[in-house]
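Novice: Structure in structure tokens, see below.
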2 protein chains.
Amino acid sequence: METARLVWSRLPHSEDGELDGVGILSSTSNKNSVESLDYEVIENYAYREEQAQRGKLYYGYNVAVKWFFALLIGIGTGLAAVFINISVENFAGWKFELTFNIIQKSYLAGCLVYILINLALVFSSVYIITHFAPAAAGSGIPEIKGYLNGIDVPGILLFRTLVGKIFGSIGSVGGGLALGKEGPLVHTGACIASLLGQGGSTKYHLSSKWLQAFKSDRDRRDLVTCGCAAGVAAAFRAPVGGVLFALEEVTSWWRSQLMWRVFFTSAIVAVVVRAAMGWCKSGNCGHFGAGGFIIWDISGGQEDYSFEELLPMAVIGIIGGLLGALFNQLTIYVTRWRRNYLHKKGNKVKIYEACLISIITSIISFGLPLLRKCTPCPDSAPGSEIECPRAPGNDGNYVNFYCSKDNEYNDLATIFFNTQDDAIRNLFSAKTIHEFSAQSLLTFLVMFYTLAVVTFGSAVPAGQFVPGIMIGSTYGRLVGIFTVNHYKKLNIEEGTYALLGAASFLGGSMRMTVSLCVIMVEITNNLKLLPLIMLVLLISKAVGDAFNEGLYEEQARLRNIPLLESRPKYEMRTMTAREACGNQKVLSLPRVVKVADVVSILRSNKHNGFPVIDHTRSGEPLVIGLMLRSHLLVLLQSKIDFQHSPLPCDPRGGSRAIRPNFSEFAKPVSSKGLSIYDIHLSSDDLEMYIDLAPFLNPSPYVVPEDMSLTKVYNLFRQLGLRHIFVVPRASRVIGVITRKDLLIEEDEDSSTMELQSTSVRAQRHERRLSIGNPDAERPLLNGLLLQDQNHTN
Amino acid sequence: METARLVWSRLPHSEDGELDGVGILSSTSNKNSVESLDYEVIENYAYREEQAQRGKLYYGYNVAVKWFFALLIGIGTGLAAVFINISVENFAGWKFELTFNIIQKSYLAGCLVYILINLALVFSSVYIITHFAPAAAGSGIPEIKGYLNGIDVPGILLFRTLVGKIFGSIGSVGGGLALGKEGPLVHTGACIASLLGQGGSTKYHLSSKWLQAFKSDRDRRDLVTCGCAAGVAAAFRAPVGGVLFALEEVTSWWRSQLMWRVFFTSAIVAVVVRAAMGWCKSGNCGHFGAGGFIIWDISGGQEDYSFEELLPMAVIGIIGGLLGALFNQLTIYVTRWRRNYLHKKGNKVKIYEACLISIITSIISFGLPLLRKCTPCPDSAPGSEIECPRAPGNDGNYVNFYCSKDNEYNDLATIFFNTQDDAIRNLFSAKTIHEFSAQSLLTFLVMFYTLAVVTFGSAVPAGQFVPGIMIGSTYGRLVGIFTVNHYKKLNIEEGTYALLGAASFLGGSMRMTVSLCVIMVEITNNLKLLPLIMLVLLISKAVGDAFNEGLYEEQARLRNIPLLESRPKYEMRTMTAREACGNQKVLSLPRVVKVADVVSILRSNKHNGFPVIDHTRSGEPLVIGLMLRSHLLVLLQSKIDFQHSPLPCDPRGGSRAIRPNFSEFAKPVSSKGLSIYDIHLSSDDLEMYIDLAPFLNPSPYVVPEDMSLTKVYNLFRQLGLRHIFVVPRASRVIGVITRKDLLIEEDEDSSTMELQSTSVRAQRHERRLSIGNPDAERPLLNGLLLQDQNHTN
């Protein structure tokens, strides 16, 4: 008897605390909405018993697996990025080569071929999305952000979503739409990480038993964080930027241990991408790999800046804030309109829509440069490497497009009738002062801005980074032109202003700060501009914040992903915990519960967690823990733990078989989980009982009823909780825990023990003793269980 | 009556939750130990009432002040850094110039002059430290880390410490010791921030009333975080690195709102330093300002690397891990020895010690190059800018020192008989293959490593960054020499290996990851080496972690600063909250307490917080809050709140004057606070009573007695708490708070309300109604207070 009691009381507790933070959300009829939210906490006694048997060796193995998975995520995301890049650049390169060859004979035929190729690519993309992987539409970053905030958007991390994202973004980016491949790459990285975390896709029989190491939700979330960082690192070839992006934008619960692993993943991505680019340099990959590791290298550009330049730079920041906020606002309207009118009509409309946008984009990008008069080439310095006009089909500035003379170029075609990467490279380029006329830039800005707004939200994978950079660098270069004209100094480069413009627009739209700054530095390899980028970002973010929220937050809201911000709302100051939980009736379960009662309780509401209440020997009620709906469903389905007696079971296992494997309590990431309506129970089953004690979480976090809601919010948000019990004020204080009580030294270095001497250490000693003398202490729950056993016997 | 009750129940709660995390620590006899720990939480009713009156306007004002302070911290730290740099570089430059001039005639006289100048500078430094600002010794980073973890090390943020740090580090760095000015600059930034936060130094009458905006401990901590980032940004001219350093190394409670402000501070520092350097370029600052914004620019160095090079780089990582761990271990021994034997003997010994170290350092750095044979200058390419031998007294490679011929140079003197910045620049320099012989590098490595270990812990301000970079780049360059000889490729630069070596040593010693990586990139302006730096850091940190903890953690431990790590210890899994608080008797106070009882309780123990217990109408005990020792002391000292009656006071203010200003409850940062033995009470006073209800924190966080200690630890650590009440299990659950209950929308956008519709909103409505109908709800504490009022009347 004593032994049994000790087993119950000495089970090691899960290190994770309560792991996740998904609330109960009513599902709506909207197809995009968040449906079932079913992360699970496994913290019941039995699971912990299993964990305890594994001990420290298992712990070490677990750490090793985590690092190995970080490596795999890095390699996987790096390869996916290389694959997407190779495909996109080859499709686009081949498209422009073909078109340039045809327009030597006929501009009309060239235009048609150009439109058709784009249409084919976009159609392939939208077809994949609508028929195969609907969750792969859009950038995916709001959804991932939601996932890491604790909200499970269905389908977002499936294998089919991964495949759809990769091939869909090849089609949409290769097809010349006003969108980028960076957001989708973040999603791709997250998908790879999540699939690894659940040990492969079960549906497609790609799973492996030994990979299923991660039953804890926190581990999976950590992997997805690594995946996000890897995605950014791969998209921009910016490893530090990736780490910071994951830190600043997507994660909600960051721990410094995780940082190091995320960093490792990013480094692996950088090595993989660099290796692939090295291999591609010898011409194995067609058009890909010419640019070098730094995407838009402007390290040879402007070296220094004077203080007078700060004014036009501040103007860029303000423009960025205004245009960015406007972009966010317009995309809200467009998305809402799409959702409410257009996309309700089914997949066909989505396909028509994407194809129409593709045709319009193609016509504008081909047609507008035709209307533009060509400019004579500038007198190039003898040592200059810039070719004017450049050879058709090659990268570089100064495209000769629809020009009457040979030594002329079309500045609008240079940016419009080009791949996005090349266009940005041209806009950022130094030593090309007066290449672009203000008129062309303005035309491009207006048209591209409109296209980006319209394209946003169509049913293709779409990132907003590259369009943002395009828009921003255009007005940046415009301001640069005016600055050059006004200050008449030679060391001002328009390309620098284009870079600042890009930073300002992204800052004004996405409201990222440190991570964006580092990404801008890493993609342009110009550290000296860092303070300027910071300045511009500060201004544009502040201006943008005056109007609305960031793009991802707005989009998350539109998609009904209720993000919990890190800061409690101002109103919460005047509210208490009891007010927050409102009039909802608390449905609690007794310790030993009839199956029929469980079924009726589960059917009567949508709550995901239920308090379990038992009675002490003297008959007083006592809250003994939290039981999760999903765990109840597992118990109902398996039926192993049903018992005939309404009395608590004997934990020594005499009366029933011990559950062999608790992995069934772990929640599959990508499926919906059980529903009470899927479970069929016979009338005999309904008459049976379940003893919940081994399966409940014995100590959920509690708050007193009149605690300020801001404090409750901080508790909930910072620990990533899912349920908090609101309880009456305590009648007594058993002890007060302070810093001193939490300082446990692992090594026995006596000289450092001066401070950590007293309670814990003494207590641990005592505890060791008490194992030999089990009557010395009686944990409360333990006492309860014991008492109930007495009843049984 | 109703009105009064409403006032009591409707006070807004402080947004911050519980603010700080200082435990009760027994003070030891050791002079270096942490003594009184007295951060304070101001969260009692009366203070909140004051806050509530100020409302949203005050909130906005507060935000503006925070940003303004961030600006001031940036400017202040930037200027301090410029001042230190100008002083150090001019002292050092002048010293080397003079010595070089003298050794043209006599090496002996030169040596003497060199030794004497160094001695004078070091003496000034150690004199300032020992007689004026003892807390300014060392790097200060462990102490700041402790402060931000919640431990108040006395004297660490005083005005005198700031002054001592600035002038002391000019002396110690200018005096050529094997230490750097970077760590002290971080401390300087933190001091500036903290002094701003408390509104200047009261002792030196530099305080200003309107600056004292920050009574909350969290705000002060945020400012100090900004100061740390500013220090790093100023020291390395690495703004992003500064932000990451603050994030990764020093803070314990990071919030994303803070990141943006820290980032702003760093940007300001960058702008200030750059502006100062621009001004100095015209020759206003003597030797300072020649180097440019990037300290050790190697952007012109190695462009690419091959996969075969990864092996020697991994070797560098392993060496870095081993030497770094050894460095940590040796410094522990040295520090412990110093503390136990040497520094017990008083200030004179400290001064002798520092002077002795200075003389030894001078002799070694002057003498060893004399023993070294000179090398003929390499045949320089016609276009090369490298001068050999360089003109004496100027920066650059190839020093002619004690050479028989004119076209020779002394490679050991190039690194040893030079300022540290120049030495590192020479070690990092590209296109100088075979400049250094392996023998010289090895000699330098052994000697400098020894000097750095010996110097560490002497009573001068001392950073470990620059010595770490020196050591690391030396063995890095050594490996580089072997690699160049082995692979015989032209595109391998020894300077690249030196950089990697520097990163590896810092990684192996300080165990920083992302921040170090970014700092290395920012100080060398070579983004392309980023993946290599990451690789080397990963290896060196992993190797180092196998042996001991990071330098700062070890030093914090030695100084009795008990840092709470972010991760709970493994042993905590098997412990419960009750076990952690042990046998300590809980001393609780009644709501209305006799002054004599308060005094005797405060004298009888060292606890910093006491539960306050009252009784309900039916006589049951009820925990109504937490009273802090420091607040009790304030009450005892002011005596305003004493009352004759042992019954609760009337909150309407009929019976006593309302306390005019609650700022006295705020704790001064840099003084020790009150002690019970400083307060003198008459025997009449002792017979009086205090009603604690207005002054207590009504809802401290509570945990049930059998909660796993890992969960308690997470709660404590992540919310930055100071006290947690361990209470019995609750008898009922009033409500369950889930994500849904915490989603309050500020705007009334109806389309997004689908999900956030139910409880909170309905509840808020109800609450508004209930203000008109005060009998509708009766918060528990409120009921208590009311009941007691009934008694009074």
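Letters for chains follow the order of the structure tokens (A, B, ...), residue numbers begin at 1 for each chain, and ligand numbers begin at 1 in the order shown.
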Write out as a tab-separated table (two decimals) with all heavy atoms, in the first residue's frame every residue belonging to chain B that has an atom at most 6 Å from any atom of chain A, counting only C-alpha atoms.

Specialist:
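What ended up in out_34.tsv:
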```tsv
chain	number	residue	atom	x	y	z
B	12	PRO	N	-8.35	50.78	-10.89
B	12	PRO	CA	-7.67	50.06	-11.96
B	12	PRO	C	-6.45	49.37	-11.39
B	12	PRO	O	-5.76	49.88	-10.52
B	12	PRO	CB	-7.26	51.17	-12.92
B	12	PRO	CG	-7.15	52.37	-12.08
B	12	PRO	CD	-8.17	52.22	-10.99
B	13	HIS	N	-6.19	48.21	-11.92
B	13	HIS	CA	-5.02	47.48	-11.44
B	13	HIS	C	-3.81	47.91	-12.25
B	13	HIS	O	-3.92	48.26	-13.41
B	13	HIS	CB	-5.26	45.99	-11.60
B	13	HIS	CG	-6.38	45.50	-10.76
B	13	HIS	ND1	-6.21	44.62	-9.73
B	13	HIS	CD2	-7.71	45.81	-10.77
B	13	HIS	CE1	-7.38	44.39	-9.16
B	13	HIS	NE2	-8.30	45.08	-9.77
B	15	GLU	N	-0.91	47.84	-14.57
B	15	GLU	CA	-0.78	47.01	-15.78
B	15	GLU	C	0.34	46.01	-15.64
B	15	GLU	O	0.36	44.98	-16.30
B	15	GLU	CB	-0.50	47.90	-16.99
B	15	GLU	CG	-0.55	47.16	-18.29
B	15	GLU	CD	0.25	47.86	-19.34
B	15	GLU	OE1	0.96	48.84	-19.03
B	15	GLU	OE2	0.16	47.43	-20.48
B	17	GLY	N	1.36	43.91	-13.48
B	17	GLY	CA	1.38	42.67	-12.71
B	17	GLY	C	2.40	42.84	-11.61
B	17	GLY	O	2.73	43.96	-11.22
B	23	GLY	N	14.57	37.89	-4.62
B	23	GLY	CA	14.25	37.02	-3.50
B	23	GLY	C	14.87	37.52	-2.22
B	23	GLY	O	15.52	38.55	-2.17
B	267	ALA	N	20.27	52.92	-32.56
B	267	ALA	CA	20.40	53.73	-33.76
B	267	ALA	C	20.92	55.12	-33.41
B	267	ALA	O	21.77	55.68	-34.12
B	267	ALA	CB	19.04	53.84	-34.47
B	531	PRO	N	28.14	32.60	-42.49
B	531	PRO	CA	27.95	31.17	-42.21
B	531	PRO	C	29.17	30.54	-41.56
B	531	PRO	O	29.03	29.67	-40.69
B	531	PRO	CB	27.70	30.57	-43.60
B	531	PRO	CG	27.22	31.70	-44.42
B	531	PRO	CD	27.91	32.92	-43.91
B	573	ARG	N	11.64	18.45	-11.54
B	573	ARG	CA	10.55	17.63	-12.05
B	573	ARG	C	9.89	16.82	-10.96
B	573	ARG	O	8.70	16.56	-10.99
B	573	ARG	CB	11.09	16.63	-13.07
B	573	ARG	CG	11.52	17.29	-14.33
B	573	ARG	CD	12.21	16.29	-15.22
B	573	ARG	NE	12.37	16.87	-16.51
B	573	ARG	CZ	11.93	16.31	-17.63
B	573	ARG	NH1	11.36	15.16	-17.61
B	573	ARG	NH2	12.10	16.92	-18.77
B	574	THR	N	10.68	16.39	-10.02
B	574	THR	CA	10.13	15.49	-9.02
B	574	THR	C	9.75	16.21	-7.73
B	574	THR	O	9.45	15.57	-6.74
B	574	THR	CB	11.16	14.40	-8.67
B	574	THR	OG1	12.39	15.05	-8.37
B	574	THR	CG2	11.35	13.45	-9.82
B	580	ALA	N	9.37	22.91	-1.99
B	580	ALA	CA	10.33	23.99	-2.22
B	580	ALA	C	10.28	25.02	-1.10
B	580	ALA	O	11.31	25.53	-0.67
B	580	ALA	CB	10.06	24.67	-3.55
B	581	CYS	N	9.09	25.33	-0.60
B	581	CYS	CA	9.07	26.35	0.44
B	581	CYS	C	9.37	25.76	1.81
B	581	CYS	O	9.58	26.48	2.77
B	581	CYS	CB	7.80	27.18	0.42
B	581	CYS	SG	6.31	26.23	0.59
B	582	GLY	N	9.42	24.47	1.86
B	582	GLY	CA	10.04	23.81	2.98
B	582	GLY	C	9.36	24.03	4.32
B	582	GLY	O	8.15	24.20	4.40
B	586	VAL	N	5.34	30.34	8.00
B	586	VAL	CA	4.78	31.52	7.34
B	586	VAL	C	4.30	32.49	8.40
B	586	VAL	O	3.46	32.15	9.24
B	586	VAL	CB	3.61	31.11	6.43
B	586	VAL	CG1	3.04	32.34	5.77
B	586	VAL	CG2	4.08	30.14	5.39
B	621	PRO	N	-10.95	32.26	8.05
B	621	PRO	CA	-9.80	33.06	7.62
B	621	PRO	C	-9.74	33.17	6.10
B	621	PRO	O	-10.24	32.30	5.39
B	621	PRO	CB	-8.61	32.25	8.15
B	621	PRO	CG	-9.12	30.85	8.22
B	621	PRO	CD	-10.58	30.93	8.52
B	622	LEU	N	-9.13	34.25	5.63
B	622	LEU	CA	-9.09	34.50	4.20
B	622	LEU	C	-7.84	35.31	3.90
B	622	LEU	O	-7.58	36.31	4.55
B	622	LEU	CB	-10.33	35.31	3.80
B	622	LEU	CG	-10.87	35.14	2.41
B	622	LEU	CD1	-11.27	33.69	2.17
B	622	LEU	CD2	-12.06	36.04	2.24
B	623	VAL	N	-7.08	34.87	2.93
B	623	VAL	CA	-5.86	35.59	2.56
B	623	VAL	C	-6.26	36.80	1.73
B	623	VAL	O	-6.84	36.65	0.66
B	623	VAL	CB	-4.92	34.68	1.77
B	623	VAL	CG1	-3.65	35.41	1.41
B	623	VAL	CG2	-4.62	33.43	2.55
B	699	SER	N	-3.69	40.82	-4.91
B	699	SER	CA	-3.73	39.50	-5.54
B	699	SER	C	-2.36	39.08	-6.05
B	699	SER	O	-2.07	39.19	-7.23
B	699	SER	CB	-4.77	39.45	-6.66
B	699	SER	OG	-4.65	40.56	-7.50
B	707	MET	N	1.68	21.56	-6.84
B	707	MET	CA	2.06	21.83	-8.22
B	707	MET	C	3.54	21.49	-8.40
B	707	MET	O	4.36	21.70	-7.52
B	707	MET	CB	1.82	23.30	-8.56
B	707	MET	CG	2.11	23.63	-10.01
B	707	MET	SD	1.83	25.36	-10.37
B	707	MET	CE	0.19	25.31	-11.04
B	708	SER	N	3.84	20.95	-9.59
B	708	SER	CA	5.23	20.62	-9.90
B	708	SER	C	6.11	21.86	-9.82
B	708	SER	O	5.73	22.95	-10.24
B	708	SER	CB	5.27	20.07	-11.32
B	708	SER	OG	6.55	20.22	-11.86
B	710	THR	N	8.65	22.60	-11.48
B	710	THR	CA	9.01	23.16	-12.78
B	710	THR	C	7.97	24.18	-13.22
B	710	THR	O	8.31	25.21	-13.79
B	710	THR	CB	9.13	22.07	-13.85
B	710	THR	OG1	7.95	21.30	-13.85
B	710	THR	CG2	10.32	21.19	-13.62
B	711	LYS	N	6.72	23.87	-12.95
B	711	LYS	CA	5.68	24.83	-13.34
B	711	LYS	C	5.78	26.09	-12.50
B	711	LYS	O	5.61	27.20	-13.01
B	711	LYS	CB	4.30	24.18	-13.18
B	711	LYS	CG	4.02	23.11	-14.21
B	711	LYS	CD	2.69	22.43	-13.98
B	711	LYS	CE	1.56	23.14	-14.67
B	711	LYS	NZ	0.35	22.29	-14.71
B	722	ARG	N	8.41	37.93	-7.44
B	722	ARG	CA	9.23	37.97	-6.25
B	722	ARG	C	8.68	37.05	-5.16
B	722	ARG	O	9.42	36.47	-4.40
B	722	ARG	CB	9.26	39.41	-5.75
B	722	ARG	CG	10.18	39.59	-4.61
B	722	ARG	CD	10.25	41.04	-4.25
B	722	ARG	NE	11.00	41.17	-3.02
B	722	ARG	CZ	11.04	42.28	-2.31
B	722	ARG	NH1	10.40	43.34	-2.72
B	722	ARG	NH2	11.75	42.32	-1.22
B	723	HIS	N	7.38	36.97	-5.08
B	723	HIS	CA	6.77	36.09	-4.10
B	723	HIS	C	5.65	35.31	-4.77
B	723	HIS	O	4.88	35.88	-5.55
B	723	HIS	CB	6.13	36.88	-2.95
B	723	HIS	CG	7.10	37.67	-2.16
B	723	HIS	ND1	7.29	39.01	-2.33
B	723	HIS	CD2	7.96	37.31	-1.19
B	723	HIS	CE1	8.22	39.45	-1.51
B	723	HIS	NE2	8.66	38.44	-0.81
B	724	ILE	N	5.57	34.05	-4.45
B	724	ILE	CA	4.41	33.26	-4.85
B	724	ILE	C	3.86	32.63	-3.58
B	724	ILE	O	4.61	32.08	-2.79
B	724	ILE	CB	4.78	32.14	-5.85
B	724	ILE	CG1	5.27	32.73	-7.16
B	724	ILE	CG2	3.60	31.23	-6.09
B	724	ILE	CD1	5.68	31.67	-8.16
B	725	PHE	N	2.56	32.73	-3.41
B	725	PHE	CA	1.93	32.07	-2.26
B	725	PHE	C	1.62	30.63	-2.63
B	725	PHE	O	1.05	30.36	-3.68
B	725	PHE	CB	0.61	32.76	-1.90
B	725	PHE	CG	0.77	34.04	-1.14
B	725	PHE	CD1	-0.33	34.80	-0.81
B	725	PHE	CD2	2.02	34.49	-0.74
B	725	PHE	CE1	-0.20	35.99	-0.12
B	725	PHE	CE2	2.17	35.67	-0.03
B	725	PHE	CZ	1.04	36.43	0.27
B	726	VAL	N	2.01	29.74	-1.75
B	726	VAL	CA	1.61	28.34	-1.91
B	726	VAL	C	0.38	28.14	-1.04
B	726	VAL	O	0.42	28.41	0.16
B	726	VAL	CB	2.75	27.40	-1.47
B	726	VAL	CG1	2.33	25.97	-1.62
B	726	VAL	CG2	4.00	27.70	-2.26
B	727	VAL	N	-0.71	27.73	-1.66
B	727	VAL	CA	-1.97	27.65	-0.94
B	727	VAL	C	-2.54	26.24	-1.08
B	727	VAL	O	-2.12	25.47	-1.96
B	727	VAL	CB	-2.99	28.68	-1.48
B	727	VAL	CG1	-2.48	30.09	-1.26
B	727	VAL	CG2	-3.29	28.44	-2.94
B	730	ALA	N	-8.05	24.42	-4.11
B	730	ALA	CA	-9.32	25.11	-3.98
B	730	ALA	C	-10.44	24.10	-3.81
B	730	ALA	O	-10.32	22.94	-4.20
B	730	ALA	CB	-9.57	25.95	-5.21
B	731	SER	N	-11.52	24.58	-3.25
B	731	SER	CA	-12.65	23.67	-3.08
B	731	SER	C	-13.62	23.75	-4.25
B	731	SER	O	-14.44	22.89	-4.44
B	731	SER	CB	-13.37	24.00	-1.78
B	731	SER	OG	-13.87	25.31	-1.87
B	732	ARG	N	-13.55	24.82	-5.00
B	732	ARG	CA	-14.43	24.89	-6.18
B	732	ARG	C	-13.78	25.78	-7.24
B	732	ARG	O	-12.86	26.54	-6.94
B	732	ARG	CB	-15.80	25.43	-5.79
B	732	ARG	CG	-15.77	26.84	-5.30
B	732	ARG	CD	-17.05	27.23	-4.58
B	732	ARG	NE	-16.92	28.56	-4.04
B	732	ARG	CZ	-17.37	29.67	-4.64
B	732	ARG	NH1	-17.99	29.59	-5.79
B	732	ARG	NH2	-17.20	30.84	-4.07
B	733	VAL	N	-14.30	25.66	-8.43
B	733	VAL	CA	-13.81	26.47	-9.54
B	733	VAL	C	-14.90	27.44	-9.91
B	733	VAL	O	-16.03	27.03	-10.23
B	733	VAL	CB	-13.44	25.58	-10.73
B	733	VAL	CG1	-13.01	26.43	-11.91
B	733	VAL	CG2	-12.32	24.64	-10.35
B	734	ILE	N	-14.60	28.71	-9.83
B	734	ILE	CA	-15.60	29.72	-10.14
B	734	ILE	C	-15.75	29.86	-11.65
B	734	ILE	O	-16.83	30.08	-12.17
B	734	ILE	CB	-15.21	31.07	-9.49
B	734	ILE	CG1	-15.25	30.92	-7.99
B	734	ILE	CG2	-16.09	32.18	-9.98
B	734	ILE	CD1	-14.69	32.10	-7.26
B	735	GLY	N	-14.66	29.74	-12.34
B	735	GLY	CA	-14.73	29.86	-13.79
B	735	GLY	C	-13.44	29.36	-14.39
B	735	GLY	O	-12.46	29.13	-13.69
B	736	VAL	N	-13.47	29.17	-15.70
B	736	VAL	CA	-12.26	28.76	-16.41
B	736	VAL	C	-11.98	29.84	-17.43
B	736	VAL	O	-12.85	30.18	-18.24
B	736	VAL	CB	-12.44	27.40	-17.10
B	736	VAL	CG1	-11.19	27.00	-17.84
B	736	VAL	CG2	-12.83	26.34	-16.08
B	737	ILE	N	-10.77	30.40	-17.39
B	737	ILE	CA	-10.41	31.44	-18.36
B	737	ILE	C	-9.70	30.78	-19.52
B	737	ILE	O	-8.75	30.02	-19.33
B	737	ILE	CB	-9.54	32.52	-17.72
B	737	ILE	CG1	-10.39	33.34	-16.75
B	737	ILE	CG2	-8.90	33.41	-18.77
B	737	ILE	CD1	-9.70	34.54	-16.20
B	738	THR	N	-10.19	31.05	-20.71
B	738	THR	CA	-9.54	30.54	-21.91
B	738	THR	C	-9.23	31.71	-22.82
B	738	THR	O	-9.55	32.86	-22.50
B	738	THR	CB	-10.46	29.55	-22.64
B	738	THR	OG1	-11.67	30.22	-22.95
B	738	THR	CG2	-10.76	28.34	-21.79
B	739	ARG	N	-8.60	31.40	-23.93
B	739	ARG	CA	-8.20	32.44	-24.87
B	739	ARG	C	-9.35	33.37	-25.23
B	739	ARG	O	-9.18	34.59	-25.30
B	739	ARG	CB	-7.66	31.76	-26.12
B	739	ARG	CG	-7.50	32.65	-27.33
B	739	ARG	CD	-6.88	31.86	-28.45
B	739	ARG	NE	-5.54	31.48	-28.09
B	739	ARG	CZ	-4.45	32.04	-28.62
B	739	ARG	NH1	-4.57	32.99	-29.51
B	739	ARG	NH2	-3.27	31.64	-28.26
B	740	LYS	N	-10.49	32.78	-25.43
B	740	LYS	CA	-11.65	33.56	-25.84
B	740	LYS	C	-11.96	34.68	-24.85
B	740	LYS	O	-12.34	35.78	-25.23
B	740	LYS	CB	-12.84	32.61	-25.93
B	740	LYS	CG	-14.12	33.20	-26.40
B	740	LYS	CD	-15.22	32.15	-26.31
B	740	LYS	CE	-15.42	31.68	-24.89
B	740	LYS	NZ	-16.58	30.81	-24.71
B	741	ASP	N	-11.79	34.36	-23.57
B	741	ASP	CA	-12.13	35.34	-22.55
B	741	ASP	C	-11.17	36.52	-22.51
B	741	ASP	O	-11.44	37.53	-21.90
B	741	ASP	CB	-12.14	34.68	-21.17
B	741	ASP	CG	-13.11	33.51	-21.13
B	741	ASP	OD1	-14.23	33.68	-21.61
B	741	ASP	OD2	-12.72	32.44	-20.64
B	759	SER	N	-18.24	35.96	-24.14
B	759	SER	CA	-18.31	36.30	-22.72
B	759	SER	C	-17.81	37.69	-22.34
B	759	SER	O	-18.52	38.43	-21.68
B	759	SER	CB	-17.60	35.26	-21.89
B	759	SER	OG	-16.22	35.45	-21.99
B	760	VAL	N	-16.59	38.04	-22.75
B	760	VAL	CA	-16.03	39.27	-22.21
B	760	VAL	C	-16.89	40.47	-22.53
B	760	VAL	O	-17.20	41.29	-21.69
B	760	VAL	CB	-14.61	39.49	-22.76
B	760	VAL	CG1	-14.14	40.86	-22.40
B	760	VAL	CG2	-13.68	38.45	-22.21
B	763	GLN	N	-19.99	40.55	-20.72
B	763	GLN	CA	-19.67	40.81	-19.33
B	763	GLN	C	-19.36	42.28	-19.10
B	763	GLN	O	-19.74	42.87	-18.10
B	763	GLN	CB	-18.45	39.94	-18.98
B	763	GLN	CG	-18.16	39.86	-17.52
B	763	GLN	CD	-19.38	39.44	-16.74
B	763	GLN	OE1	-20.24	38.75	-17.25
B	763	GLN	NE2	-19.47	39.89	-15.51
```

Novice: Near Ala438 in chain A, within 9 Å and counting only C-alpha atoms, which residues show up once chain neighbours fewer than 2 positions away are dropped, as a PyMOL selection string?

Specialist: chain A and resi 436+440-443+477-478+481-482

Novice: Restrict the selected residues to C-alpha atoms and save them as a PDB file, in the first residue's frame.

Specialist:
```
ATOM      1  CA  PHE A 436      15.274  56.307 -64.823  1.00  0.00           C
ATOM      2  CA  SER A 440       8.612  56.228 -65.714  1.00  0.00           C
ATOM      3  CA  LEU A 441       9.081  55.640 -62.030  1.00  0.00           C
ATOM      4  CA  LEU A 442       5.790  57.299 -61.213  1.00  0.00           C
ATOM      5  CA  THR A 443       3.962  55.291 -63.863  1.00  0.00           C
ATOM      6  CA  ARG A 477      14.481  56.284 -56.325  1.00  0.00           C
ATOM      7  CA  LEU A 478      12.057  59.073 -57.178  1.00  0.00           C
ATOM      8  CA  ILE A 481      16.256  61.819 -58.273  1.00  0.00           C
ATOM      9  CA  PHE A 482      14.976  64.974 -56.618  1.00  0.00           C
TER      10      PHE A 482
END
```

Novice: With a distance cut-off of 12 Å and only C-alpha atoms, select the neighbouring residues of Tyr333 in chain B, excluding the residue or stretch itself and same-chain residues fewer than 5 positions from it, and output the selection as JSON, numbers by chain.

Specialist: {"A": [751], "B": [326, 327, 328, 338, 339, 340, 341, 453, 454, 456, 457, 554, 555, 558]}
